[in-house]
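So this one's structure11.cif, mmCIF, C-alpha atoms:
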```cif
data_query
loop_
_atom_site.label_atom_id
_atom_site.label_comp_id
_atom_site.auth_asym_id
_atom_site.auth_seq_id
_atom_site.Cartn_x
_atom_site.Cartn_y
_atom_site.Cartn_z
CA MET L 168 -26.76 -13.71 -18.87
CA ARG L 169 -24.35 -11.27 -17.25
CA THR L 170 -23.93 -7.79 -18.77
CA ARG L 171 -20.27 -8.58 -19.30
CA MET L 172 -21.30 -10.74 -22.23
CA ILE L 173 -22.05 -7.68 -24.35
CA PHE L 174 -18.65 -8.40 -25.85
CA ALA L 175 -19.86 -11.70 -27.30
CA VAL L 176 -19.41 -10.27 -30.80
CA PHE L 177 -15.86 -11.54 -30.52
CA LEU L 178 -15.31 -15.17 -31.54
CA ALA L 179 -14.27 -17.75 -28.98
CA LEU L 180 -11.22 -19.88 -29.65
CA GLY L 181 -11.72 -23.15 -31.51
CA LEU L 182 -11.19 -26.29 -29.44
CA SER L 183 -7.72 -26.89 -30.86
CA ALA L 184 -6.65 -23.29 -30.26
CA ALA L 185 -8.13 -23.20 -26.77
CA SER L 186 -6.08 -26.24 -25.80
CA CYS L 187 -2.94 -24.20 -26.57
CA LEU L 188 -3.91 -21.11 -24.58
CA GLY L 189 -5.93 -22.24 -21.58
CA GLU L 190 -9.07 -20.35 -20.59
CA ASP L 191 -10.92 -17.76 -22.64
CA VAL L 192 -10.48 -14.14 -21.50
CA ARG L 193 -13.62 -12.86 -19.74
CA PRO L 194 -15.11 -9.58 -21.05
CA ALA L 195 -15.60 -7.02 -18.29
CA GLY L 196 -18.62 -5.10 -19.55
CA GLU L 197 -19.77 -2.05 -17.60
CA LEU L 198 -19.16 -1.62 -13.90
CA PRO L 199 -22.39 -2.66 -12.12
CA LEU L 200 -21.66 -0.36 -9.15
CA SER L 201 -20.82 3.28 -8.59
CA LEU L 202 -19.24 4.90 -5.55
CA SER L 203 -17.91 8.42 -5.03
CA LEU L 204 -17.06 10.84 -2.22
CA TRP L 205 -16.58 14.57 -2.44
CA THR L 206 -16.38 17.75 -0.41
CA GLU L 207 -16.63 21.43 -1.23
CA GLY L 208 -13.75 23.72 -0.42
CA GLY L 209 -13.89 27.08 1.32
CA ARG L 210 -13.67 28.58 4.76
CA ALA L 211 -13.93 26.02 7.54
CA SER L 212 -14.77 26.13 11.20
CA ASP L 213 -13.86 22.88 12.86
CA THR L 214 -16.02 20.58 10.69
CA VAL L 215 -15.88 19.04 7.22
CA ASN L 216 -18.94 17.76 5.34
CA VAL L 217 -18.25 14.79 3.08
CA ARG L 218 -20.93 13.55 0.68
CA VAL L 219 -21.10 9.88 -0.30
CA SER L 220 -22.99 8.58 -3.34
CA ALA L 221 -23.44 4.85 -4.06
CA ASN L 222 -25.63 2.95 -6.51
CA THR L 223 -25.84 -0.59 -7.82
CA SER L 224 -27.25 -2.21 -10.95
CA SER L 225 -25.55 -5.50 -10.12
CA GLU L 226 -27.18 -8.62 -11.54
CA HIS L 227 -26.71 -10.26 -8.15
CA GLY L 228 -29.99 -8.49 -7.35
CA ALA L 229 -29.04 -7.90 -3.73
CA SER L 230 -28.58 -4.77 -1.65
CA GLY L 231 -25.07 -3.39 -1.38
CA ILE L 232 -23.24 -2.42 1.78
CA VAL L 233 -21.12 0.74 2.00
CA THR L 234 -18.45 0.98 4.70
CA ILE L 235 -16.41 4.17 5.23
CA HIS L 236 -13.06 4.23 7.05
CA PRO L 237 -11.96 7.71 8.20
CA SER L 238 -8.35 8.12 9.30
CA GLU L 239 -7.69 8.22 13.04
CA SER L 240 -7.38 12.00 13.25
CA LEU L 241 -10.89 12.58 11.86
CA LEU L 242 -13.69 12.48 14.42
CA LEU L 243 -17.19 11.51 13.27
CA LEU L 244 -19.73 14.08 14.47
CA ALA L 245 -22.78 12.94 12.47
CA GLY L 246 -23.74 10.46 9.77
CA ASP L 247 -23.37 6.71 9.25
CA THR L 248 -20.11 5.04 8.28
CA THR L 249 -22.02 1.86 7.30
CA PHE L 250 -25.27 1.82 5.34
CA SER L 251 -27.12 -0.31 2.79
CA VAL L 252 -27.76 0.53 -0.88
CA PRO L 253 -30.98 -0.94 -2.33
CA ALA L 254 -30.55 -2.81 -5.61
CA ARG L 255 -31.24 -0.83 -8.81
CA ARG L 256 -32.41 2.32 -6.99
CA VAL L 257 -30.92 5.80 -7.19
CA MET L 258 -30.40 7.07 -3.67
CA PRO L 259 -29.58 10.63 -2.52
CA ALA L 260 -26.04 11.23 -1.31
CA ARG L 261 -25.31 10.58 2.37
CA VAL L 262 -23.51 13.24 4.42
CA LEU L 263 -20.78 12.66 6.99
CA LYS L 264 -19.88 15.51 9.34
CA LEU L 265 -16.25 15.18 10.43
CA ARG L 266 -13.87 17.17 12.60
CA ALA L 267 -10.14 17.28 11.95
CA LEU L 268 -8.04 17.29 15.12
CA ARG L 269 -5.31 19.28 13.40
CA ALA L 270 -4.38 20.73 10.02
CA GLY L 271 -3.07 18.22 7.50
CA THR L 272 -4.03 15.77 4.73
CA TYR L 273 -6.41 12.96 5.62
CA GLU L 274 -7.55 9.85 3.77
CA LEU L 275 -11.06 8.45 3.64
CA LEU L 276 -11.58 4.98 2.20
CA ALA L 277 -15.03 3.69 1.28
CA THR L 278 -16.02 0.25 -0.01
CA LEU L 279 -19.22 -0.94 -1.68
CA VAL L 280 -19.86 -4.70 -1.79
CA VAL L 281 -22.77 -6.57 -3.39
CA GLY L 282 -23.20 -10.34 -3.29
CA ASP L 283 -21.94 -13.24 -1.22
CA ALA L 284 -18.54 -14.83 -0.56
CA ASP L 285 -18.42 -16.73 -3.88
CA ASN L 286 -20.11 -14.23 -6.22
CA ASN L 287 -19.78 -10.52 -5.54
CA ASP L 288 -18.80 -7.12 -6.90
CA LEU L 289 -16.58 -4.70 -4.98
CA LEU L 290 -15.59 -1.05 -5.37
CA GLU L 291 -13.21 0.93 -3.19
CA ALA L 292 -12.88 4.71 -3.45
CA ARG L 293 -10.35 7.03 -1.81
CA LEU L 294 -10.80 10.71 -0.95
CA LEU L 295 -7.94 12.90 0.24
CA LEU L 296 -8.93 15.83 2.47
CA THR L 297 -6.57 18.77 2.90
CA VAL L 298 -7.50 20.72 6.03
CA GLY L 299 -5.78 24.02 6.74
CA ALA L 300 -6.02 26.37 9.69
CA ASP L 301 -8.95 28.22 8.09
CA SER L 302 -9.85 26.30 4.91
CA VAL L 303 -10.64 22.93 3.41
CA GLY L 304 -9.43 21.89 -0.02
CA SER L 305 -12.18 20.65 -2.33
CA GLY L 306 -11.88 17.37 -4.17
CA THR L 307 -13.50 14.19 -5.41
CA SER L 308 -12.57 10.58 -4.83
CA GLU L 309 -10.86 8.14 -7.19
CA LEU L 310 -11.59 4.45 -7.57
CA VAL L 311 -8.68 2.38 -6.32
CA ARG L 312 -10.26 -1.10 -6.48
CA THR L 313 -12.79 -2.46 -8.97
CA GLU L 314 -13.19 -6.20 -8.50
CA THR L 315 -15.58 -9.11 -8.92
CA MET L 316 -15.73 -12.65 -7.54
CA LEU L 317 -17.15 -15.31 -9.88
CA HIS L 318 -17.69 -18.79 -8.46
CA GLY L 319 -14.94 -18.21 -5.92
CA HIS L 320 -12.43 -16.82 -8.46
CA ARG L 321 -11.28 -13.22 -7.94
CA TYR L 322 -10.87 -10.79 -10.86
CA ARG L 323 -10.18 -7.10 -11.28
CA TYR L 324 -11.77 -4.89 -13.91
CA GLY L 325 -9.00 -4.13 -16.39
CA GLY L 326 -10.79 -1.93 -18.91
CA PHE L 327 -12.60 -4.16 -21.41
CA TRP L 328 -11.42 -7.39 -19.75
CA LEU L 329 -11.37 -9.15 -16.39
CA VAL L 330 -7.91 -10.00 -15.04
CA PRO L 331 -7.45 -12.90 -12.56
CA LEU L 332 -6.17 -11.92 -9.11
CA GLU L 333 -4.50 -14.07 -6.49
CA GLN L 334 -6.52 -14.25 -3.27
CA ASP L 335 -3.95 -12.23 -1.34
CA GLU L 336 -3.02 -9.83 -4.17
CA ASP L 337 -3.43 -6.09 -3.49
CA PHE L 338 -4.04 -3.89 -6.53
CA SER L 339 -4.93 -0.23 -7.06
CA ALA L 340 -6.26 0.57 -10.54
CA ALA L 341 -5.60 4.29 -10.06
CA GLU L 342 -1.99 3.74 -9.00
CA PHE L 343 -1.35 1.24 -11.83
CA SER L 344 -2.62 3.71 -14.43
CA ARG L 345 -0.07 6.27 -13.19
CA THR L 346 3.02 4.15 -12.54
CA GLY L 347 2.46 0.60 -13.83
CA THR L 348 3.54 -0.92 -17.15
CA LYS L 349 1.66 -3.36 -19.41
CA PRO L 350 3.08 -6.73 -20.57
CA ARG L 351 5.19 -6.68 -23.73
CA LEU L 352 6.58 -9.23 -26.15
CA ILE L 353 10.24 -10.09 -25.67
CA ASP L 354 10.72 -11.35 -29.25
CA PRO L 355 8.59 -10.77 -32.38
CA ILE L 356 6.34 -13.69 -33.31
CA ALA L 357 4.73 -14.92 -36.53
CA ALA L 358 2.53 -17.89 -37.40
CA TYR L 359 3.10 -20.28 -40.32
CA CYS L 360 0.05 -21.84 -41.96
CA PRO L 361 0.31 -24.23 -44.95
CA ASP L 362 -3.48 -24.39 -45.28
CA CYS L 363 -4.09 -20.62 -45.35
CA PRO L 364 -4.69 -18.49 -48.48
CA ALA L 365 -1.66 -17.11 -50.23
CA ALA L 366 -2.46 -13.53 -49.20
CA GLY L 367 -1.00 -12.43 -45.89
CA ASP L 368 -3.28 -12.29 -42.85
CA THR L 369 -3.12 -10.97 -39.27
CA VAL L 370 -4.94 -12.26 -36.21
CA THR L 371 -5.26 -10.04 -33.13
CA PHE L 372 -5.61 -11.59 -29.69
CA VAL L 373 -6.28 -10.23 -26.25
CA ALA L 374 -3.99 -12.28 -24.03
CA VAL L 375 -3.68 -12.45 -20.25
CA ILE L 376 -0.03 -12.76 -19.20
CA ASN L 377 0.77 -14.05 -15.72
CA ARG L 378 3.62 -13.03 -13.42
CA SER L 379 5.95 -15.54 -15.06
CA GLY L 380 5.40 -14.06 -18.53
CA LYS L 381 3.21 -16.96 -19.70
CA VAL L 382 -0.06 -16.71 -21.63
CA ILE L 383 -2.80 -18.15 -19.38
CA GLN L 384 -5.90 -16.83 -21.18
CA ALA L 385 -6.53 -15.62 -24.72
CA ARG L 386 -9.34 -14.61 -27.07
CA PRO L 387 -9.04 -13.78 -30.79
CA LEU L 388 -10.57 -10.40 -31.67
CA THR L 389 -11.54 -11.69 -35.10
CA ARG L 390 -14.59 -10.98 -37.21
CA ALA L 391 -16.73 -13.75 -38.63
CA GLY L 392 -15.28 -15.22 -41.81
CA LYS L 393 -11.66 -15.32 -40.66
CA ALA L 394 -10.12 -18.65 -41.67
CA ASP L 395 -10.11 -21.19 -38.82
CA ALA L 396 -6.67 -22.37 -39.96
CA ALA L 397 -5.25 -18.84 -39.52
CA ILE L 398 -6.70 -18.54 -36.01
CA LYS L 399 -5.34 -21.95 -35.04
CA ALA L 400 -1.86 -21.18 -36.39
CA ALA L 401 -1.80 -17.79 -34.64
CA ALA L 402 -2.94 -19.37 -31.36
CA GLU L 403 -0.17 -21.95 -31.53
CA ALA L 404 2.40 -19.20 -32.10
CA LEU L 405 1.00 -17.13 -29.23
CA ALA L 406 1.21 -20.11 -26.85
CA LYS L 407 4.98 -20.24 -27.45
CA ALA L 408 5.58 -16.49 -27.15
CA ARG L 409 7.66 -14.99 -24.36
CA PHE L 410 6.54 -11.85 -22.53
CA LYS L 411 7.91 -9.43 -20.00
CA PRO L 412 5.06 -9.35 -17.45
CA ALA L 413 3.31 -6.18 -16.33
CA GLN L 414 5.03 -4.28 -13.52
CA TYR L 415 3.36 -2.70 -10.48
CA ARG L 416 5.04 -1.50 -7.29
CA ASP L 417 8.31 -2.96 -8.62
CA LYS L 418 6.76 -6.42 -8.87
CA ALA L 419 5.48 -8.56 -11.74
CA ILE L 420 1.68 -8.86 -11.91
CA THR L 421 -0.90 -10.50 -14.16
CA ASP L 422 -2.39 -8.24 -16.85
CA TRP L 423 -3.76 -8.31 -20.39
CA VAL L 424 -2.33 -7.02 -23.66
CA HIS L 425 -3.33 -6.95 -27.33
CA VAL L 426 -1.08 -9.03 -29.60
CA ARG L 427 -1.10 -8.85 -33.42
CA ILE L 428 0.24 -11.99 -35.06
CA PRO L 429 1.05 -12.09 -38.79
CA VAL L 430 0.06 -15.39 -40.42
CA LEU L 431 2.35 -16.50 -43.26
CA ARG L 432 1.65 -19.23 -45.77
CA VAL L 433 4.28 -22.01 -45.83
CA HIS L 434 5.14 -23.27 -49.32
#
```
For this file, produce the structure as structure tokens.
Amino acid sequence: MRTRMIFAVFLALGLSAASCLGEDVRPAGELPLSLSLWTEGGRASDTVNVRVSANTSSEHGASGIVTIHPSESLLLLAGDTTFSVPARRVMPARVLKLRALRAGTYELLATLVVGDADNNDLLEARLLLTVGADSVGSGTSELVRTETMLHGHRYRYGGFWLVPLEQDEDFSAAEFSRTGTKPRLIDPIAAYCPDCPAAGDTVTFVAVINRSGKVIQARPLTRAGKADAAIKAAAEALAKARFKPAQYRDKAITDWVHVRIPVLRVH
């Protein structure tokens, strides 16, 4: 069983509720890979040393492959821009020795991939190097892509949950956290349940909203003992809800959101 299923404490939708909301939302679990690049600042001659650390605990059980893409104005003097990462082993950081042709800011992209074409995990990290006439700015990389492929379906890690991606969709988690917006309800919603107890109740869902503002996946975040009738009524109300989709680079994208739905008894 994949580590993502550590979130199985949440209940799955009942059959009647699932028919209203499509697929169940997939828990993300912990990232099974790690990838980082960094350099130390200070006086510089004509070279820059960049350290690269990569590890994998992926359940695919295969070695990972790291590929580094320096910008055109950085010359590689020593080190490997492609190397393998043994599964479930901590490896010492690799070192790349680079030479900047001129002062300026340079970008290094590195990817770590584990698995095959239908089932894989992928990380992409970006490091910006600022090279002056006599100094190099220090810094560490940020993760810009955190993705997985499950049985040919592509997802991105969206915090606690996996979010479906189109095959040609480009997404940067770091950029979205700075400038993107989450989905939001257009109109308030409530569920009406003639078979529920008289006392008011609330059901909270995690819902995946596509680019058209439609719920395509949902999962109730409900503890054991919650009335099935309340969950069903809330699911039916959620299926009819209208959302403004998440926004990224001035375009609508698929993303998840928590939705609290009050359940009212109908007399």
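Those residues that approach Gly299 of chain L to within 9 Å, counting all atoms listed in the file, are L:Ala211, L:Arg269, L:Ala270, L:Gly271, L:Thr272, L:Val303, L:Gly304; same-chain residues fewer than 4 positions away are not listed.
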Exercise for review: I need the residue set behind the PyMOL selection byres ((chain L and resi 405-410) around 6) for this file; please write it as a list of chain:residue names.
Suggested key: L:Cys187, L:Leu188, L:Arg351, L:Leu352, L:Ile353, L:Gly380, L:Ala402, L:Glu403, L:Ala404, L:Lys411, L:Pro412
Skip Trp328 of chain L itself and residues of its chain fewer than 4 positions away, then list as a PDB file with C-alpha atoms, keeping the file's coordinate frame all residues within 7 Å of it, counting only C-alpha atoms.
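The resulting file, out-v4.pdb, is shown below:
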```
ATOM      1  CA  ARG L 193     -13.620 -12.860 -19.740  1.00  0.00           C
ATOM      2  CA  PRO L 194     -15.110  -9.580 -21.050  1.00  0.00           C
ATOM      3  CA  ALA L 195     -15.600  -7.020 -18.290  1.00  0.00           C
ATOM      4  CA  TYR L 324     -11.770  -4.890 -13.910  1.00  0.00           C
TER       5      TYR L 324
END
```
**Study point:** Target residues per the PyMOL selection byres ((chain L and resi 331) around 9), formatted as a VMD selection string
**Key:** chain L and resid 320 to 323 329 to 330 332 to 333 375 377 421 to 422
Point to revise | Exercise: Gly306 of chain L partners within 9 Å, all atoms listed in the file, chain neighbours under 6 positions left out, as a ChimeraX atom specification | key: /L:204-208,294-297
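Put simply, atom CA of Leu431 of chain L is 25.7 Å away from atom CA of Glu190 of chain L.
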Practice item. Please identify all polymer residues within 8 Å of Ser201 of chain L, counting all atoms listed in the file, omitting same-chain residues fewer than 4 positions from it, and present them as a ChimeraX atom specification. Key: /L:220-223,290
Would you save the residues from that selection as a compact mmCIF listing (two decimals), in the coordinates of the input, using C-alpha atoms?
```txt
# COMPACT_ATOMS: atom_id res chain seq x y z
CA SER L 220 -22.99 8.58 -3.34
CA ALA L 221 -23.44 4.85 -4.06
CA ASN L 222 -25.63 2.95 -6.51
CA THR L 223 -25.84 -0.59 -7.82
CA LEU L 290 -15.59 -1.05 -5.37
```
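Of note, atom CA of Gln384 of chain L and atom CA of Ile420 of chain L are spaced 14.4 Å apart.
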